[in-house]
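> Mind looking over this structure? Questions follow.
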Amino acid sequence: MLNSLGISHAKRRSYKKAMKCFTDSLKVRKTVLGPHHEECGETLHNMGNCAAKQFDLDKAAECYEKSLIIKRLAFGNKSLSTAKTLHNIGVVNEDLGLLDDSLNYYKDALAVRTILLGKRHIDIAFSLHR
């Protein structure tokens, strides 16, 4: 519920309230589900989104990297959830001026999406746009 509330606050651009909800949600999820549960990874991803919206790119990168570790443990390298996080790490790295790193993350996200969705899916165009 806290994660959903955080998403709601983020949609309303109340990022401080959203981050508080995500932080509280992560604490509960780690305690109840364990620190490597996929829902912890999703909450960390949401925290990364929220930090990025506040232009705290270092925090966003940190959250996305932690999310990626958990998602890879939970889903492996070939999941759309993992691809989404790879893409967002690419965006943050691009914004930080780490263009080579950014390109590598974009390529990884594109490869996963192509395998799972095929070459003609709209998400492939989205990946190619970046």
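Please note that chains go A, B, ... in the order of the structure tokens, that every chain numbers its residues from 1, and that ligands are numbered from 1 in the order shown.
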If you count only C-alpha atoms, which residues fall within 7 Å of segment 54-71 of chain A, apart from same-chain ones fewer than 4 positions away, as a list in words?
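In the requested format, the answer is His36, His37, Glu38, Gly41, Glu42, Leu44, His45, Met47, Gly48, Asn49, Cys50, Phe75, Gly76, Thr82, Thr85, Ile89 and Val92 of chain A.
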> Which of chain A counts as alpha helix (DSSP H) under DSSP, as number ranges by chain please?
A: 2-11, 15-33, 38-53, 57-75, 80-95, 99-117, 122-129
> With only C-alpha atoms as the counted atoms, please give the residues lying no more than 10 Å from Ala109 of chain A, apart from itself and same-chain residues fewer than 2 positions off, as a list in words.
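The contact residues come out as Asn77, Lys78, Ser79, Leu80, Ser81, Thr82, Ala83, Lys84, Thr85, Leu86, His87, Asn88, Ile89, Gly90, Leu103, Asn104, Tyr105, Tyr106, Lys107, Ala111, Val112, Arg113, Thr114, Ile124, Ser127 and Leu128 of chain A.
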> With only C-alpha atoms as the atoms that count, which of A:Ala52, A:Val32, A:Lys27, A:Cys40 lies nearest to Arg13 of chain A?
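Comparing A:Ala52, A:Val32, A:Lys27, A:Cys40 against Arg13 of chain A, the winner is A:Ala52.
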> Lys17 of chain A: which residues within 12 Å, counting only C-alpha atoms, same-chain residues fewer than 2 positions away excluded, as a list in words?
Leu2, Asn3, Leu5, Gly6, Ile7, Ser8, His9, Ala10, Lys11, Arg12, Arg13, Ser14, Tyr15, Met19, Lys20, Cys21, Phe22, Thr23, Asp24, Met47, Cys50 and Ala51 of chain A
> In Å to one decimal, how far is atom CA of Asp123 of chain A from atom CA of Leu110 of chain A?
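Answer for the atom CA of Leu110 of chain A to atom CA of Asp123 of chain A separation: 8.7 Å.
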